[in-house]
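**Student:** So that we are looking at the same thing, I have put the structure below in structure tokens.
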Amino acid sequence: MFDVLGANLPYLMKGAQQTLWLAIVGVGLGTLLGLVLGVTGAMVGGVVPAIVTTYVFVIRGIPVLVWMFLAYYMLPQLGLMVGDMTAVIGALILYTGAFVTEIARGAVMAVPKHQTEAAKALGMRKLTMLRLVILPQATSLSIPPLLNNSVMMIKATSYVSVVGVWELTYAAREVVERTLAAFQIFLGVMLIYFLICYPLTLAARYLEKRFSYEH
Amino acid sequence: MNTSADMPMIRVREVYKSFGDLKVLDGMSFDVSRGEVLAIIGPSGSGKSTMLRCLNFLEEHDAGEIFIEGEPLGYRVLDDGSRVRESEAVIARMRCDVGMVFQSFNLFPHRNVRQNITMAPVSVKGVDKAEANDRAEALLEKVGLAEKADEYPSRLSGGQQQRVAIARALAMEPKVMLFDEVTSALDPELVGEVLTVMQQLAEEGMTMVIVTHEMQFAHDVSDRLMFIDRGKVLEEGNPAEVLNMPKSARLKDFLHRFSASFS
Ligand SMILES: Nc1ncnc2c1ncn2[C@@H]1O[C@H](COP(=O)(O)OP(=O)(O)OP(=O)(O)O)[C@@H](O)[C@H]1O
Ligand SMILES: [Mg+2]
């Protein structure tokens with residue numbers, strides 16, 4: 001009954017590999033970018049917070065699909081001859097980064113002021129305070145939203161197929177066009193996306209435990 | 001130049017501080033000498049906490065000068081009267097000498113009691129970890145919590161948390177300890193255990209500035225008592241005299257609410 005899926009599974013798995021790659025590089029680097037920007041935006045004074053806010057506002061205000069089109073069509077016009085893959089990964093990084101920035105900044109700001117005052121009163125300087133007092137507390141606050149965001153962005157990697165970058169969803173469409181077995185193929189695709197996202201849920205659960213403390 | 005021995009531990013000179021239009025410190029001046037225990041009382045909103053927080057630069061004074069052992073805190077006033085803010089490093093270093101205990105304890109919830117106490121000595125002063133642990137044990141012994149070293153703050157009662165907070169501040173070996181209504185958030189039956197620790201500290205000769213509503217405690221423990229109102233020192237002197245023979249109507253009014261005589 002699932003023979004079409006079985007026959008095309010190796011091809012789909014190749015697509016899944018590509019999806020995984022997009023997720024690790026795009027979502028991974030985007031998360032790193034967002035963590036750095038978010039913490040910096042919350043800790044540093046001057047014009048930095050305004051710049052960070054503008055970045056978040058501009059990126060988040062436009063659908064990721066549009067960013068992919070923009071990266072795909074605009075970059076070459078600006079004389080930047082980057083490959084399709086690089087363009088969409090860039091869009092993924094920036095987009096993930098914007099959401100993670102907000103999560104990280106929110107988590108840092110959610111650490112109560114009396115905690116930083118206690119640290120200051122003990123003679124801690126900013127970086128020490130960040131390392132020992134703020135980040136440990138912000139980390140446990142930000143793990144659940146970071147997980148949500150990662151899952152959301154992994155699903156968003158499927159948009160890259162629209163500008164012709166090949167990955168799991170693209171591969172699935174090819175197979176369906178060829179075999180017309182839409183139901184079983186997309187059922188398979190669904191399972192594969194689930195298998196990519198589920199370990200993340202487990203990891204988050206573990207991390208949450210690891211970084212939590214009794215309240 | 002005075003030697004540090006005859007210099008007051010804390011010197012506050014004409015300190016002003018406003019929050020927007022609200023003038024909170026209106027020319028405060030006082031000294032605290034080495035080993036002295038100064039109690040500060042006053043109505044709510046009179047600027048007690050703000051004054052105390054200026055003493056470790058958690059709050060930055062708008063004008064005037066504060067000296068810790070003769071060294072200007074936070075700002076350096078130049079000959080032409082202009083002020084230069086000290087670097088973060090200098091401010092942090094000076095804070096090491098001024099311990100503070102807060103009304104709401106403010107322990108680090110993600111670290112156990114021992115780690116709360118050793119964190120700053122190790123990370124700020126570079127104290128060896130084993131040594132810091134030993135000292136933490138000794139301090140916990142002193143505040144009567146030797147068996148709680150491995151607990152997390154959330155597992156402790158308010159009184160226990162506050163005693164840990166005192167131990168944490170002491171671990172930096174400060175020259176002065178500031179206490180801001182440290183028993184106000186406690187259930188009445190837990191107040192005593194914290195006051196006992198403070199009294200012991202006072203007897204050991206620690207220089208202390210205590211903002212409190214515990215009049216009897218202020219009377220018993222302090223060497224000098226200061227009544228502040230609307231950001232000004234209205235009366236100060238021997239605690240028994242100030243409390244039992246108030247001169248100003250404001251202080252009489254204030255003490256009336258406590259309607260007790262202090263002996
Ligand atoms: N960060 C701040 N921003 C604005 N206003 C403030 C700030 N901190 C204190 N104030 C105001 O300054 C005044 C003095 O506050 P402060 O906390 O020093 O009073 P207090 O004498 O400690 O009172 P209490 O006995 O209630 O603790 C109050 O009116 C308070 O609302
Ligand atoms: Mg107060």
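FYI, nothing fancy with the structure tokens labels: chains A, B, ... in order, residues from 1 per chain, ligands from 1 as they appear.
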With a distance threshold of 7 Å and counting only C-alpha atoms, extract the residues of chain B near chain A and express them as a list in words.
**Tutor:**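 My answer is Asn56, Ala92, Arg93, Arg95, Cys96, Gly99, Met100, Asn106, Phe108, His110, Ala120, Val124, Ser154 and Ala169 of chain B.
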**Student:** Give the residue list for ligand 1 at 12 Å, counting only C-alpha atoms and all ligand atoms, as an MDAnalysis selection string, sorted by chain and then by residue number.
**Tutor:** (chainID A and resid 113:114) or (chainID B and resid 17:26 40:54 58:60 102:104 179:185 210:214 227:233 254)
**Student:** Identify, on the basis of only C-alpha atoms, every residue whose closest approach to Val15 (chain B) does not exceed 8 Å; exclude the query and any residue fewer than 3 positions from it along the same chain; express the result as number ranges by chain.
**Tutor:** B: 12, 25-29, 61-66
**Student:** Save out the residues we just selected, all heavy atoms, as a short mmCIF file (atom, residue, chain, number, x, y, z; two decimals), in the first residue's frame.
**Tutor:**
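What landed in part.cif:
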data_model
loop_
_atom_site.label_atom_id
_atom_site.label_comp_id
_atom_site.auth_asym_id
_atom_site.auth_seq_id
_atom_site.Cartn_x
_atom_site.Cartn_y
_atom_site.Cartn_z
N VAL B 12 29.55 61.96 54.02
CA VAL B 12 28.55 62.41 53.04
C VAL B 12 28.47 63.92 53.15
O VAL B 12 28.29 64.46 54.23
CB VAL B 12 27.17 61.77 53.34
CG1 VAL B 12 26.10 62.30 52.40
CG2 VAL B 12 27.25 60.25 53.24
N LEU B 25 16.82 63.60 48.00
CA LEU B 25 17.87 63.95 48.96
C LEU B 25 18.16 65.43 48.79
O LEU B 25 18.49 65.90 47.70
CB LEU B 25 19.13 63.11 48.72
CG LEU B 25 18.96 61.60 48.85
CD1 LEU B 25 20.28 60.88 48.63
CD2 LEU B 25 18.36 61.22 50.21
N ASP B 26 18.02 66.14 49.89
CA ASP B 26 18.04 67.59 49.79
C ASP B 26 19.18 68.16 50.63
O ASP B 26 18.96 68.83 51.63
CB ASP B 26 16.67 68.11 50.29
CG ASP B 26 16.48 69.57 49.95
OD1 ASP B 26 17.28 70.12 49.18
OD2 ASP B 26 15.50 70.16 50.48
N GLY B 27 20.39 67.81 50.23
CA GLY B 27 21.54 68.33 50.95
C GLY B 27 21.85 67.52 52.20
O GLY B 27 21.89 68.05 53.30
N MET B 28 22.07 66.24 52.01
CA MET B 28 22.39 65.37 53.15
C MET B 28 23.87 65.44 53.46
O MET B 28 24.71 65.35 52.57
CB MET B 28 22.05 63.92 52.81
CG MET B 28 20.59 63.63 52.65
SD MET B 28 19.77 63.31 54.22
CE MET B 28 20.38 61.70 54.60
N SER B 29 24.18 65.58 54.74
CA SER B 29 25.57 65.53 55.19
C SER B 29 25.64 64.75 56.50
O SER B 29 24.84 65.00 57.40
CB SER B 29 26.12 66.94 55.44
OG SER B 29 26.11 67.70 54.26
N HIS B 61 24.30 60.05 43.02
CA HIS B 61 23.92 61.37 43.52
C HIS B 61 24.11 62.42 42.43
O HIS B 61 25.01 62.34 41.61
CB HIS B 61 24.69 61.72 44.78
CG HIS B 61 26.18 61.52 44.70
ND1 HIS B 61 26.76 60.27 44.62
CD2 HIS B 61 27.20 62.41 44.70
CE1 HIS B 61 28.07 60.39 44.56
NE2 HIS B 61 28.37 61.68 44.60
N ASP B 62 23.23 63.44 42.46
CA ASP B 62 23.28 64.50 41.45
C ASP B 62 24.35 65.53 41.79
O ASP B 62 24.95 66.14 40.92
CB ASP B 62 21.93 65.24 41.36
CG ASP B 62 20.81 64.30 40.96
OD1 ASP B 62 21.10 63.28 40.30
OD2 ASP B 62 19.65 64.59 41.31
N ALA B 63 24.52 65.77 43.08
CA ALA B 63 25.49 66.77 43.50
C ALA B 63 25.96 66.42 44.90
O ALA B 63 25.31 65.66 45.60
CB ALA B 63 24.87 68.16 43.48
N GLY B 64 27.08 67.01 45.28
CA GLY B 64 27.65 66.71 46.59
C GLY B 64 28.68 65.60 46.44
O GLY B 64 28.98 65.15 45.33
N GLU B 65 29.22 65.20 47.59
CA GLU B 65 30.28 64.20 47.52
C GLU B 65 30.10 63.15 48.60
O GLU B 65 29.61 63.43 49.70
CB GLU B 65 31.64 64.86 47.72
CG GLU B 65 32.13 65.61 46.48
CD GLU B 65 33.48 66.26 46.74
OE1 GLU B 65 33.52 67.31 47.39
OE2 GLU B 65 34.49 65.68 46.31
N ILE B 66 30.51 61.94 48.25
CA ILE B 66 30.50 60.84 49.21
C ILE B 66 31.91 60.24 49.22
O ILE B 66 32.49 60.03 48.15
CB ILE B 66 29.48 59.77 48.81
CG1 ILE B 66 28.05 60.37 48.84
CG2 ILE B 66 29.56 58.55 49.74
CD1 ILE B 66 26.99 59.46 48.26
#
**Student:** With distances taken over only C-alpha atoms, which of B:Leu55, B:Val143, B:Ala149, B:Met208 is nearest to Ile166 (chain B)?
**Tutor:**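 Closest residue, counting only C-alpha atoms: B:Val143.
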**Student:** What's around Gly70 (chain B) at 8 Å? Count only C-alpha atoms, leave out sequence neighbours fewer than 5 positions away in its own chain, and write the answer as a compact mmCIF listing (two decimals) with C-alpha atoms, in the first residue's frame.
**Tutor:**
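Here's the written file around_5.txt:
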# COMPACT_ATOMS: atom_id res chain seq x y z
CA SER B 4 42.95 56.36 57.15
CA MET B 7 39.37 59.57 58.58
CA PRO B 8 35.65 58.79 58.82
CA MET B 9 34.68 55.54 57.21
CA ILE B 10 31.88 57.27 55.37
CA ARG B 11 31.63 60.97 54.71
**Student:** Write down as a VMD selection string the residues of region 18-215 of chain A whose backbone DSSP state falls under alpha helix (DSSP H).
**Tutor:** chain A and resid 18 to 22 28 to 43 48 to 60 64 to 77 84 to 110 113 to 121 126 to 129 135 to 156 168 to 179 182 to 211
**Student:** Do a neighbour search on region 21-26 of chain A at 8 Å with only C-alpha atoms, toss out local chain neighbours closer than 2 positions, and write the hits as a PyMOL selection string.
**Tutor:** chain A and resi 17-19+28-30+89-90+92-93+96+153-154+157
**Student:** Would you mind exporting all heavy atoms of the selected residues as a compact mmCIF listing (two decimals), in the first residue's frame?
**Tutor:**
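For reference, out.txt as written:
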# COMPACT_ATOMS: atom_id res chain seq x y z
N GLN A 17 17.99 15.33 3.95
CA GLN A 17 19.37 15.70 4.30
C GLN A 17 19.59 17.19 4.04
O GLN A 17 20.18 17.90 4.84
CB GLN A 17 20.32 14.90 3.42
CG GLN A 17 21.38 14.18 4.20
CD GLN A 17 22.14 13.25 3.25
OE1 GLN A 17 22.37 13.57 2.08
NE2 GLN A 17 22.52 12.12 3.77
N GLN A 18 19.08 17.61 2.88
CA GLN A 18 19.23 19.01 2.51
C GLN A 18 18.47 19.92 3.50
O GLN A 18 18.96 20.96 3.91
CB GLN A 18 18.68 19.17 1.09
CG GLN A 18 19.04 20.47 0.43
CD GLN A 18 20.52 20.50 0.06
OE1 GLN A 18 21.27 19.54 0.28
NE2 GLN A 18 20.96 21.63 -0.48
N THR A 19 17.28 19.48 3.88
CA THR A 19 16.48 20.23 4.86
C THR A 19 17.25 20.34 6.18
O THR A 19 17.31 21.41 6.80
CB THR A 19 15.13 19.53 5.10
OG1 THR A 19 14.36 19.66 3.90
CG2 THR A 19 14.37 20.15 6.25
N GLY A 28 20.53 27.33 12.96
CA GLY A 28 21.60 27.32 13.96
C GLY A 28 22.34 28.64 14.02
O GLY A 28 22.43 29.27 15.08
N LEU A 29 22.84 29.08 12.87
CA LEU A 29 23.57 30.35 12.86
C LEU A 29 22.65 31.52 13.21
O LEU A 29 23.05 32.46 13.89
CB LEU A 29 24.24 30.59 11.50
CG LEU A 29 25.42 29.69 11.16
CD1 LEU A 29 26.03 30.08 9.82
CD2 LEU A 29 26.47 29.75 12.26
N GLY A 30 21.40 31.42 12.72
CA GLY A 30 20.43 32.48 13.03
C GLY A 30 20.21 32.58 14.53
O GLY A 30 20.12 33.68 15.10
N ILE A 89 19.88 30.70 2.60
CA ILE A 89 20.41 30.49 3.95
C ILE A 89 20.59 31.83 4.65
O ILE A 89 20.26 31.99 5.83
CB ILE A 89 21.73 29.68 3.92
CG1 ILE A 89 21.41 28.21 3.64
CG2 ILE A 89 22.47 29.80 5.25
CD1 ILE A 89 22.61 27.30 3.71
N GLY A 90 21.05 32.81 3.89
CA GLY A 90 21.18 34.16 4.45
C GLY A 90 19.84 34.66 4.96
O GLY A 90 19.74 35.18 6.08
N LEU A 92 17.29 32.86 5.86
CA LEU A 92 16.91 32.07 7.04
C LEU A 92 17.63 32.55 8.29
O LEU A 92 17.04 32.67 9.37
CB LEU A 92 17.26 30.59 6.83
CG LEU A 92 16.22 29.69 6.17
CD1 LEU A 92 16.81 28.30 5.97
CD2 LEU A 92 14.97 29.62 7.04
N ILE A 93 18.92 32.84 8.14
CA ILE A 93 19.71 33.29 9.29
C ILE A 93 19.15 34.61 9.81
O ILE A 93 18.91 34.77 11.01
CB ILE A 93 21.20 33.45 8.90
CG1 ILE A 93 21.82 32.07 8.65
CG2 ILE A 93 21.97 34.19 9.99
CD1 ILE A 93 23.27 32.12 8.19
N THR A 96 15.56 34.00 11.37
CA THR A 96 15.65 33.34 12.67
C THR A 96 16.25 34.29 13.69
O THR A 96 15.77 34.40 14.83
CB THR A 96 16.56 32.09 12.57
OG1 THR A 96 16.10 31.28 11.49
CG2 THR A 96 16.54 31.30 13.85
N MET A 153 11.06 27.59 12.55
CA MET A 153 11.98 27.94 11.47
C MET A 153 12.38 26.73 10.64
O MET A 153 12.62 26.84 9.45
CB MET A 153 13.23 28.63 12.03
CG MET A 153 13.01 30.05 12.53
SD MET A 153 12.09 31.11 11.38
CE MET A 153 13.17 31.08 9.97
N ILE A 154 12.42 25.55 11.29
CA ILE A 154 12.74 24.34 10.51
C ILE A 154 11.63 24.11 9.50
O ILE A 154 11.88 23.79 8.33
CB ILE A 154 12.91 23.13 11.45
CG1 ILE A 154 14.23 23.27 12.21
CG2 ILE A 154 12.89 21.84 10.64
CD1 ILE A 154 14.42 22.25 13.30
N THR A 157 11.95 26.26 6.51
CA THR A 157 12.96 25.96 5.48
C THR A 157 12.29 25.46 4.21
O THR A 157 12.86 25.54 3.13
CB THR A 157 13.96 24.86 5.95
OG1 THR A 157 13.23 23.67 6.25
CG2 THR A 157 14.76 25.30 7.15
**Student:** At what distance in Å, to one decimal, does CA of Ala249 (chain B) lie from CA of Glu14 (chain B)?
**Tutor:** 23.7 Å
**Student:** Could you find all residues in region 26-246 of chain B that DSSP calls strand (DSSP E) from the backbone, and write them as an MDAnalysis selection string?
**Tutor:** chainID B and resid 26:32 37:41 63:68 71:72 75:77 83:85 98:101 176:180 207:211 224:229 232:237
**Student:** Go ahead and compute the interatomic distance for CA of Gly35 (chain B) and CA of Met206 (chain B), in Å to one decimal.
**Tutor:**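 Atom-to-atom, CA of Gly35 (chain B) and CA of Met206 (chain B) are spaced 5.1 Å apart.
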**Student:** Write out as a VMD selection string each polymer residue whose atoms come within 7 Å of Gly15 (chain A), counting only C-alpha atoms; drop sequence neighbours fewer than 4 positions from it.
**Tutor:** chain A and resid 11 19 167 to 168 171
**Student:** Those same residues - N, CA and C atoms - I'd like them written as a compact mmCIF listing (two decimals), in the first residue's frame.
**Tutor:**
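Saved the output as result-v6.txt:
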# COMPACT_ATOMS: atom_id res chain seq x y z
N TYR A 11 15.09 8.90 -2.29
CA TYR A 11 15.12 10.24 -2.88
C TYR A 11 14.65 11.29 -1.86
N THR A 19 17.28 19.48 3.88
CA THR A 19 16.48 20.23 4.86
C THR A 19 17.25 20.34 6.18
N GLU A 167 15.06 20.78 -1.63
CA GLU A 167 15.11 20.15 -0.30
C GLU A 167 13.92 19.21 -0.19
N LEU A 168 13.57 18.85 1.01
CA LEU A 168 12.55 17.81 1.19
C LEU A 168 11.21 18.13 0.52
N ALA A 171 11.53 18.00 -3.22
CA ALA A 171 11.66 16.61 -3.66
C ALA A 171 10.30 15.93 -3.64
**Student:** Skip Thr53 (chain A) itself and residues of its chain fewer than 6 positions away, then list as a list in words all residues within 9 Å of it, counting only C-alpha atoms.
**Tutor:**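 In the requested form, the answer reads Gly41, Thr101 and Glu102 of chain A.
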